[in-house]
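Enquirer: Data file coords_9.txt (compact mmCIF, C-alpha atoms) is appended below.
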```
# COMPACT_ATOMS: atom_id res chain seq x y z
CA ASN A 28 -10.47 -10.38 -13.12
CA ALA A 29 -11.12 -6.82 -11.99
CA GLY A 30 -14.13 -7.90 -9.89
CA VAL A 31 -16.51 -4.99 -9.27
CA THR A 32 -15.43 -1.57 -10.49
CA GLN A 33 -17.04 1.78 -9.76
CA THR A 34 -16.58 5.21 -11.27
CA PRO A 35 -16.00 7.88 -10.21
CA LYS A 36 -14.16 7.38 -6.90
CA PHE A 37 -14.97 10.88 -5.66
CA GLN A 38 -17.55 13.48 -6.70
CA VAL A 39 -18.70 16.84 -5.44
CA LEU A 40 -22.05 18.14 -6.64
CA LYS A 41 -24.11 21.22 -5.99
CA THR A 42 -27.70 20.88 -4.88
CA GLY A 43 -29.92 20.21 -7.87
CA GLN A 44 -27.22 18.82 -10.13
CA SER A 45 -27.54 15.35 -11.61
CA MET A 46 -25.04 12.57 -12.06
CA THR A 47 -24.75 8.87 -12.80
CA LEU A 48 -22.63 6.44 -10.83
CA GLN A 49 -21.30 3.60 -12.92
CA CYS A 50 -20.76 0.01 -11.81
CA ALA A 51 -19.49 -2.99 -13.73
CA GLN A 52 -18.64 -6.59 -12.81
CA ASP A 53 -16.73 -9.19 -14.79
CA MET A 54 -17.74 -12.26 -12.78
CA ASN A 55 -20.88 -13.10 -14.83
CA HIS A 56 -23.13 -12.63 -11.79
CA ASN A 57 -26.86 -12.27 -12.28
CA SER A 58 -27.60 -10.06 -9.27
CA MET A 59 -26.32 -6.56 -8.65
CA TYR A 60 -26.97 -4.07 -5.84
CA TRP A 61 -26.54 -0.42 -4.91
CA TYR A 62 -26.05 0.59 -1.26
CA ARG A 63 -25.33 3.79 0.57
CA GLN A 64 -23.31 4.00 3.77
CA ASP A 65 -23.52 7.02 6.04
CA PRO A 66 -20.89 7.71 8.74
CA GLY A 67 -20.98 5.13 11.51
CA MET A 68 -23.83 3.27 9.84
CA GLY A 69 -24.31 0.01 8.10
CA LEU A 70 -25.24 -0.34 4.47
CA ARG A 71 -28.74 0.52 3.32
CA LEU A 72 -30.04 -0.95 0.09
CA ILE A 73 -31.13 1.59 -2.52
CA TYR A 74 -32.00 -0.60 -5.52
CA TYR A 75 -31.15 -4.05 -6.73
CA SER A 76 -31.37 -6.10 -9.89
CA ALA A 77 -31.92 -9.81 -9.43
CA SER A 78 -31.22 -10.47 -13.11
CA GLU A 79 -30.65 -8.65 -16.35
CA GLY A 80 -33.78 -6.72 -17.29
CA THR A 81 -35.22 -6.46 -13.78
CA THR A 82 -34.83 -3.85 -11.06
CA ASP A 83 -36.47 -3.48 -7.65
CA LYS A 84 -36.56 -0.90 -4.90
CA GLY A 85 -34.68 -1.43 -1.71
CA GLU A 86 -34.96 0.30 1.65
CA VAL A 87 -34.14 3.89 0.54
CA PRO A 88 -34.99 4.36 -3.18
CA ASN A 89 -36.35 7.91 -3.10
CA GLY A 90 -34.30 10.36 -5.15
CA TYR A 91 -32.57 7.62 -7.17
CA ASN A 92 -33.08 5.71 -10.40
CA VAL A 93 -31.22 2.72 -11.76
CA SER A 94 -30.55 1.06 -15.09
CA ARG A 95 -29.40 -2.49 -15.63
CA LEU A 96 -27.74 -1.81 -18.95
CA ASN A 97 -26.66 -5.42 -19.53
CA LYS A 98 -25.48 -8.30 -17.38
CA ARG A 99 -22.21 -6.52 -16.54
CA GLU A 100 -23.36 -2.98 -15.83
CA PHE A 101 -25.72 -1.43 -13.28
CA SER A 102 -25.85 2.36 -13.00
CA LEU A 103 -27.32 4.61 -10.31
CA ARG A 104 -28.63 8.07 -11.21
CA LEU A 105 -29.29 11.05 -8.99
CA GLU A 106 -31.63 13.33 -10.94
CA SER A 107 -31.54 16.30 -8.56
CA ALA A 108 -28.93 15.89 -5.86
CA ALA A 109 -29.70 16.95 -2.28
CA PRO A 110 -27.34 17.37 0.71
CA SER A 111 -29.05 14.35 2.33
CA GLN A 112 -27.56 12.23 -0.45
CA THR A 113 -24.03 12.93 0.73
CA SER A 114 -22.75 9.45 1.41
CA VAL A 115 -20.48 6.66 0.25
CA TYR A 116 -22.11 4.54 -2.43
CA PHE A 117 -21.20 0.89 -2.90
CA CYS A 118 -22.09 -1.38 -5.76
CA ALA A 119 -22.05 -5.14 -5.32
CA SER A 120 -22.68 -8.25 -7.36
CA ARG A 121 -23.78 -11.57 -5.98
CA THR A 122 -23.22 -15.21 -6.74
CA ARG A 123 -25.43 -18.00 -5.43
CA GLU A 124 -23.92 -20.96 -7.19
CA LEU A 125 -23.84 -24.34 -5.46
CA ALA A 126 -23.11 -23.81 -1.76
CA THR A 127 -21.97 -20.24 -2.19
CA ASP A 128 -23.89 -17.05 -1.48
CA THR A 129 -21.49 -14.14 -1.56
CA GLN A 130 -21.62 -10.48 -2.41
CA TYR A 131 -18.57 -8.83 -3.95
CA PHE A 132 -18.24 -5.12 -3.37
CA GLY A 133 -16.69 -2.34 -5.38
CA PRO A 134 -14.36 0.22 -3.78
CA GLY A 135 -17.09 2.83 -3.38
CA THR A 136 -17.88 6.34 -4.62
CA ARG A 137 -17.61 9.15 -2.11
CA LEU A 138 -20.24 11.75 -2.97
CA THR A 139 -20.58 15.16 -1.38
CA VAL A 140 -23.57 17.37 -2.19
CA LEU A 141 -23.15 21.01 -1.24
CA SER B 18 -35.22 -0.30 9.26
CA GLN B 19 -32.19 -2.55 9.31
CA GLN B 20 -32.67 -6.21 10.01
CA GLY B 21 -29.51 -6.90 11.96
CA GLU B 22 -28.18 -5.19 15.03
CA GLU B 23 -24.63 -5.86 16.13
CA ASP B 24 -23.41 -5.73 19.68
CA PRO B 25 -21.16 -4.23 20.89
CA GLN B 26 -20.93 -1.17 18.65
CA ALA B 27 -17.22 -0.93 19.42
CA LEU B 28 -14.66 -3.32 20.87
CA SER B 29 -11.01 -2.77 21.82
CA ILE B 30 -8.70 -5.67 22.68
CA GLN B 31 -5.01 -6.58 22.78
CA GLU B 32 -3.34 -8.76 20.17
CA GLY B 33 -3.73 -12.43 21.02
CA GLU B 34 -7.09 -12.00 22.74
CA ASN B 35 -10.34 -13.32 21.35
CA ALA B 36 -13.03 -10.98 19.97
CA THR B 37 -16.71 -11.83 20.08
CA MET B 38 -19.39 -9.93 18.21
CA ASN B 39 -23.11 -10.60 18.31
CA CYS B 40 -25.87 -10.04 15.80
CA SER B 41 -29.61 -10.09 16.42
CA TYR B 42 -32.21 -10.03 13.67
CA LYS B 43 -35.96 -9.86 13.33
CA THR B 44 -37.40 -12.18 10.69
CA SER B 45 -36.77 -15.70 9.42
CA ILE B 46 -33.73 -16.14 7.20
CA ASN B 47 -32.24 -18.48 4.61
CA ASN B 48 -28.72 -17.74 5.70
CA LEU B 49 -26.66 -15.22 7.63
CA GLN B 50 -23.33 -13.83 6.48
CA TRP B 51 -20.52 -11.89 8.10
CA TYR B 52 -18.53 -9.24 6.27
CA ARG B 53 -15.50 -7.16 7.14
CA GLN B 54 -14.80 -3.58 6.11
CA ASN B 55 -11.42 -1.95 6.39
CA SER B 56 -11.58 1.80 6.79
CA GLY B 57 -12.85 3.50 3.65
CA ARG B 58 -13.09 0.32 1.59
CA GLY B 59 -15.74 -2.05 0.29
CA LEU B 60 -16.97 -4.98 2.33
CA VAL B 61 -15.34 -8.40 2.07
CA HIS B 62 -17.24 -11.63 2.65
CA LEU B 63 -15.92 -13.68 5.59
CA ILE B 64 -18.26 -16.58 6.24
CA LEU B 65 -21.80 -17.82 5.65
CA ILE B 66 -23.95 -19.96 7.90
CA ARG B 67 -27.19 -21.49 6.68
CA SER B 68 -30.39 -21.53 8.70
CA ASN B 69 -30.09 -25.30 9.32
CA GLU B 70 -26.52 -24.99 10.65
CA ARG B 71 -25.60 -24.17 14.24
CA GLU B 72 -21.85 -23.61 14.01
CA LYS B 73 -19.26 -23.07 11.33
CA HIS B 74 -15.49 -22.57 11.33
CA SER B 75 -13.12 -20.92 8.90
CA GLY B 76 -9.51 -20.46 10.02
CA ARG B 77 -9.60 -18.25 13.12
CA LEU B 78 -13.29 -17.49 12.66
CA ARG B 79 -16.11 -19.30 14.40
CA VAL B 80 -19.74 -18.43 13.73
CA THR B 81 -22.76 -19.69 15.62
CA LEU B 82 -26.43 -19.32 14.77
CA ASP B 83 -29.42 -19.71 17.06
CA THR B 84 -32.56 -19.36 14.94
CA SER B 85 -34.84 -19.73 17.97
CA LYS B 86 -33.28 -16.61 19.48
CA LYS B 87 -32.71 -14.97 16.09
CA SER B 88 -29.09 -14.33 16.93
CA SER B 89 -25.60 -15.09 15.68
CA SER B 90 -22.12 -14.57 17.01
CA LEU B 91 -18.74 -14.17 15.35
CA LEU B 92 -15.64 -15.19 17.30
CA ILE B 93 -12.19 -14.20 16.10
CA THR B 94 -9.54 -16.16 17.98
CA ALA B 95 -5.96 -15.02 18.63
CA SER B 96 -6.65 -11.60 17.16
CA ARG B 97 -4.01 -9.62 15.28
CA ALA B 98 -3.58 -5.91 14.66
CA ALA B 99 -4.54 -6.59 11.04
CA ASP B 100 -8.00 -7.68 12.24
CA THR B 101 -8.78 -4.04 13.05
CA ALA B 102 -11.87 -3.27 10.96
CA SER B 103 -15.65 -3.01 11.12
CA TYR B 104 -17.61 -6.24 11.04
CA PHE B 105 -21.16 -6.52 9.73
CA CYS B 106 -23.71 -9.28 9.81
CA ALA B 107 -26.06 -9.59 6.86
CA THR B 108 -29.25 -11.55 6.94
CA VAL B 109 -30.78 -13.09 3.85
CA PRO B 110 -34.55 -13.46 4.18
CA THR B 111 -35.18 -13.65 0.42
CA ASP B 112 -33.19 -12.39 -2.56
CA LYS B 113 -31.50 -9.43 -0.92
CA LEU B 114 -29.05 -8.99 1.93
CA ILE B 115 -29.90 -6.73 4.83
CA PHE B 116 -26.93 -5.40 6.75
CA GLY B 117 -26.67 -4.51 10.39
CA THR B 118 -25.00 -1.44 11.84
CA GLY B 119 -21.65 -3.10 12.49
CA THR B 120 -19.09 -3.60 15.25
CA ARG B 121 -15.88 -1.57 15.12
CA LEU B 122 -13.01 -3.75 16.31
CA GLN B 123 -9.69 -2.23 17.34
CA VAL B 124 -6.83 -4.63 18.05
CA PHE B 125 -3.83 -3.05 19.77
CA PRO B 126 -0.34 -4.50 19.21
```
Here is the file; what I need is its structure written in the form of C-alpha cells.
Expert:
Amino acid sequence: NAGVTQTPKFQVLKTGQSMTLQCAQDMNHNSMYWYRQDPGMGLRLIYYSASEGTTDKGEVPNGYNVSRLNKREFSLRLESAAPSQTSVYFCASRTRELATDTQYFGPGTRLTVL
Amino acid sequence: SQQGEEDPQALSIQEGENATMNCSYKTSINNLQWYRQNSGRGLVHLILIRSNEREKHSGRLRVTLDTSKKSSSLLITASRAADTASYFCATVPTDKLIFGTGTRLQVFP
C-alpha cells in the first residue's frame, strides 16, 4: 500500500496564478482532510470530506476550493494564489474502525507564492 | 483558533532522560491523540486516549488525560536521539481533529 500520496512535492507560483493539489489514498478510508502548516505552527484545517460526496469548511477555507472526486481522491484548488498562501500543505485520510481513530498523512506539498 | 496548546514549545534533553509534554484544550472531546512530525515530513500517529480513559501506555510512551482540567500529558521514557521531532496533540470534539501548536523535542546523544 502506498498510503496517502500527494502531488506535486514542490511548487512555485506567481500571485494570481491557479493550481490544484492532488491527494489520493489507497486505504479505503471514508474521511479525508486538507491542512496547511506555517513555519513553527501546528496544522490548521482548510477543508475536509467526511465521506464521498460531502465536503465541509474547516478553520481557514478562504481562498481555497476542494473536490472529492471519488473515495480515493480529494483535491485542493487555489483559484488565485496569494503570498499569504505560502505554506506546506498536508492531506490526510482517517479511519475510525473498531477501537481505532487514526489519521494518515501524506508527505506534503511545499508551496511558495511570489 | 486552535483547540490544543502544547507546553513547553521547545524541550532539550540528553539521551536516556525522560521527556514530558503537556497539552491543554478548550472544549469537550471524544478522544485525544498524539502525533509526531520529523522535520519536513507528514505527521505520524503515536497514541490515542479516549475521554473515559485516564492513562494509556504504548512502548516507551505514556499518555494521561484529565478531562476535568482539560489537559493531557505525553511522557517519553528513556529518550533516544531518534526521538528528536515535533510532537502535536490533536483533540477530537466531533468529526474533525484540531491540532495544537506542538512541542519541539531535541534529544542530544
Enquirer: Using all atoms listed in the file, find which residues of chain A lie within 12 Å of chain B and jot them down as a VMD selection string.
Expert: chain A and resid 30 to 33 36 57 to 78 83 to 87 114 to 123 126 to 137
Enquirer: Atom CA of Arg79 of chain B and atom CA of Leu122 of chain B are how many Å apart?
Expert: 16.0 Å
Enquirer: If we count all atoms listed in the file and set the cut-off at 9 Å, which residues sit around Thr84 of chain B, ignoring sequence neighbours fewer than 3 positions away in its own chain? Please answer as an mmCIF file with C-alpha atoms, in the coordinates of the input.
Expert:
```cif
data_model
loop_
_atom_site.group_PDB
_atom_site.id
_atom_site.type_symbol
_atom_site.label_atom_id
_atom_site.label_comp_id
_atom_site.auth_asym_id
_atom_site.auth_seq_id
_atom_site.Cartn_x
_atom_site.Cartn_y
_atom_site.Cartn_z
ATOM 1 C CA SER B 45 -36.770 -15.700 9.420
ATOM 2 C CA ILE B 46 -33.730 -16.140 7.200
ATOM 3 C CA SER B 68 -30.390 -21.530 8.700
ATOM 4 C CA ASN B 69 -30.090 -25.300 9.320
ATOM 5 C CA ARG B 71 -25.600 -24.170 14.240
ATOM 6 C CA LYS B 87 -32.710 -14.970 16.090
ATOM 7 C CA SER B 88 -29.090 -14.330 16.930
ATOM 8 C CA SER B 89 -25.600 -15.090 15.680
#
```
Enquirer: Need the neighbours of (-29.7, -7.3, -21.7): which residues are at most 8 Å away, counting only C-alpha atoms, as a list in words?
Expert: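 In the file's frame, the residues around the point are Glu79, Gly80, Arg95, Leu96, Asn97 and Lys98 of chain A.
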Enquirer: Suppose you want the space between atom CA of Ser102 of chain A and atom CA of Pro110 of chain B; what is it in Å?
Expert: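 Atom-to-atom, atom CA of Ser102 of chain A to atom CA of Pro110 of chain B, that is 24.9 Å.
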Enquirer: Near Gly33 of chain B, counting only C-alpha atoms, which residues have an atom at most 8 Å away, once you skip same-chain residues fewer than 5 positions from it, shown as a list of chain:residue names?
Expert: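 Returned residues: B:Thr94, B:Ala95, B:Ser96, B:Arg97.
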Enquirer: Work out how far apart atom CA of Glu72 of chain B and atom CA of Pro25 of chain B are and give it in Å to one decimal.
Expert: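 One can read the atom CA of Glu72 of chain B to atom CA of Pro25 of chain B distance as 20.6 Å.
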Enquirer: What lies within 10 Å of Gly43 of chain A using only C-alpha atoms, ignoring chain neighbours under 6 positions off, as a PDB file with C-alpha atoms, keeping the file's coordinate frame?
Expert:
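Saved result, around38.pdb, follows:
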```pdb
ATOM      1  CA  LEU A 105     -29.290  11.050  -8.990  1.00  0.00           C
ATOM      2  CA  GLU A 106     -31.630  13.330 -10.940  1.00  0.00           C
ATOM      3  CA  SER A 107     -31.540  16.300  -8.560  1.00  0.00           C
ATOM      4  CA  ALA A 108     -28.930  15.890  -5.860  1.00  0.00           C
ATOM      5  CA  ALA A 109     -29.700  16.950  -2.280  1.00  0.00           C
ATOM      6  CA  PRO A 110     -27.340  17.370   0.710  1.00  0.00           C
ATOM      7  CA  VAL A 140     -23.570  17.370  -2.190  1.00  0.00           C
ATOM      8  CA  LEU A 141     -23.150  21.010  -1.240  1.00  0.00           C
TER       9      LEU A 141
END
```
Enquirer: Given the point (-7.8, -2.2, 24.9) in the file's coordinates, find the residues that have an atom at most 12 Å from it, counting all atoms listed in the file, and give them as a list in words.
Expert: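 Within 12 Å of (-7.8, -2.2, 24.9), the protein and nucleic acid residues are Ala27, Leu28, Ser29, Ile30, Gln31, Glu32, Gly33, Glu34, Asn35, Ala36, Ala98, Leu122, Gln123, Val124, Phe125 and Pro126 of chain B.
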Enquirer: Just to be explicit: take each residue in the selection above, keep C-alpha atoms, and write the result as a short mmCIF file (atom, residue, chain, number, x, y, z; two decimals), in the frame of the given file.
Expert:
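Final output, saved to result-v9.cif:
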```cif
data_model
loop_
_atom_site.label_atom_id
_atom_site.label_comp_id
_atom_site.auth_asym_id
_atom_site.auth_seq_id
_atom_site.Cartn_x
_atom_site.Cartn_y
_atom_site.Cartn_z
CA ALA B 27 -17.22 -0.93 19.42
CA LEU B 28 -14.66 -3.32 20.87
CA SER B 29 -11.01 -2.77 21.82
CA ILE B 30 -8.70 -5.67 22.68
CA GLN B 31 -5.01 -6.58 22.78
CA GLU B 32 -3.34 -8.76 20.17
CA GLY B 33 -3.73 -12.43 21.02
CA GLU B 34 -7.09 -12.00 22.74
CA ASN B 35 -10.34 -13.32 21.35
CA ALA B 36 -13.03 -10.98 19.97
CA ALA B 98 -3.58 -5.91 14.66
CA LEU B 122 -13.01 -3.75 16.31
CA GLN B 123 -9.69 -2.23 17.34
CA VAL B 124 -6.83 -4.63 18.05
CA PHE B 125 -3.83 -3.05 19.77
CA PRO B 126 -0.34 -4.50 19.21
#
```
Enquirer: Each side padded by 8 Å, which centre and which edge lengths in Å (one decimal) define the axis-aligned box around the listed atoms of segment 71-86 of chain B? Give them as lines of an AutoDock Vina configuration file.
Expert:
```
center_x = -22.2
center_y = -20.4
center_z = 14.2
size_x = 41.3
size_y = 23.6
size_z = 26.6
```
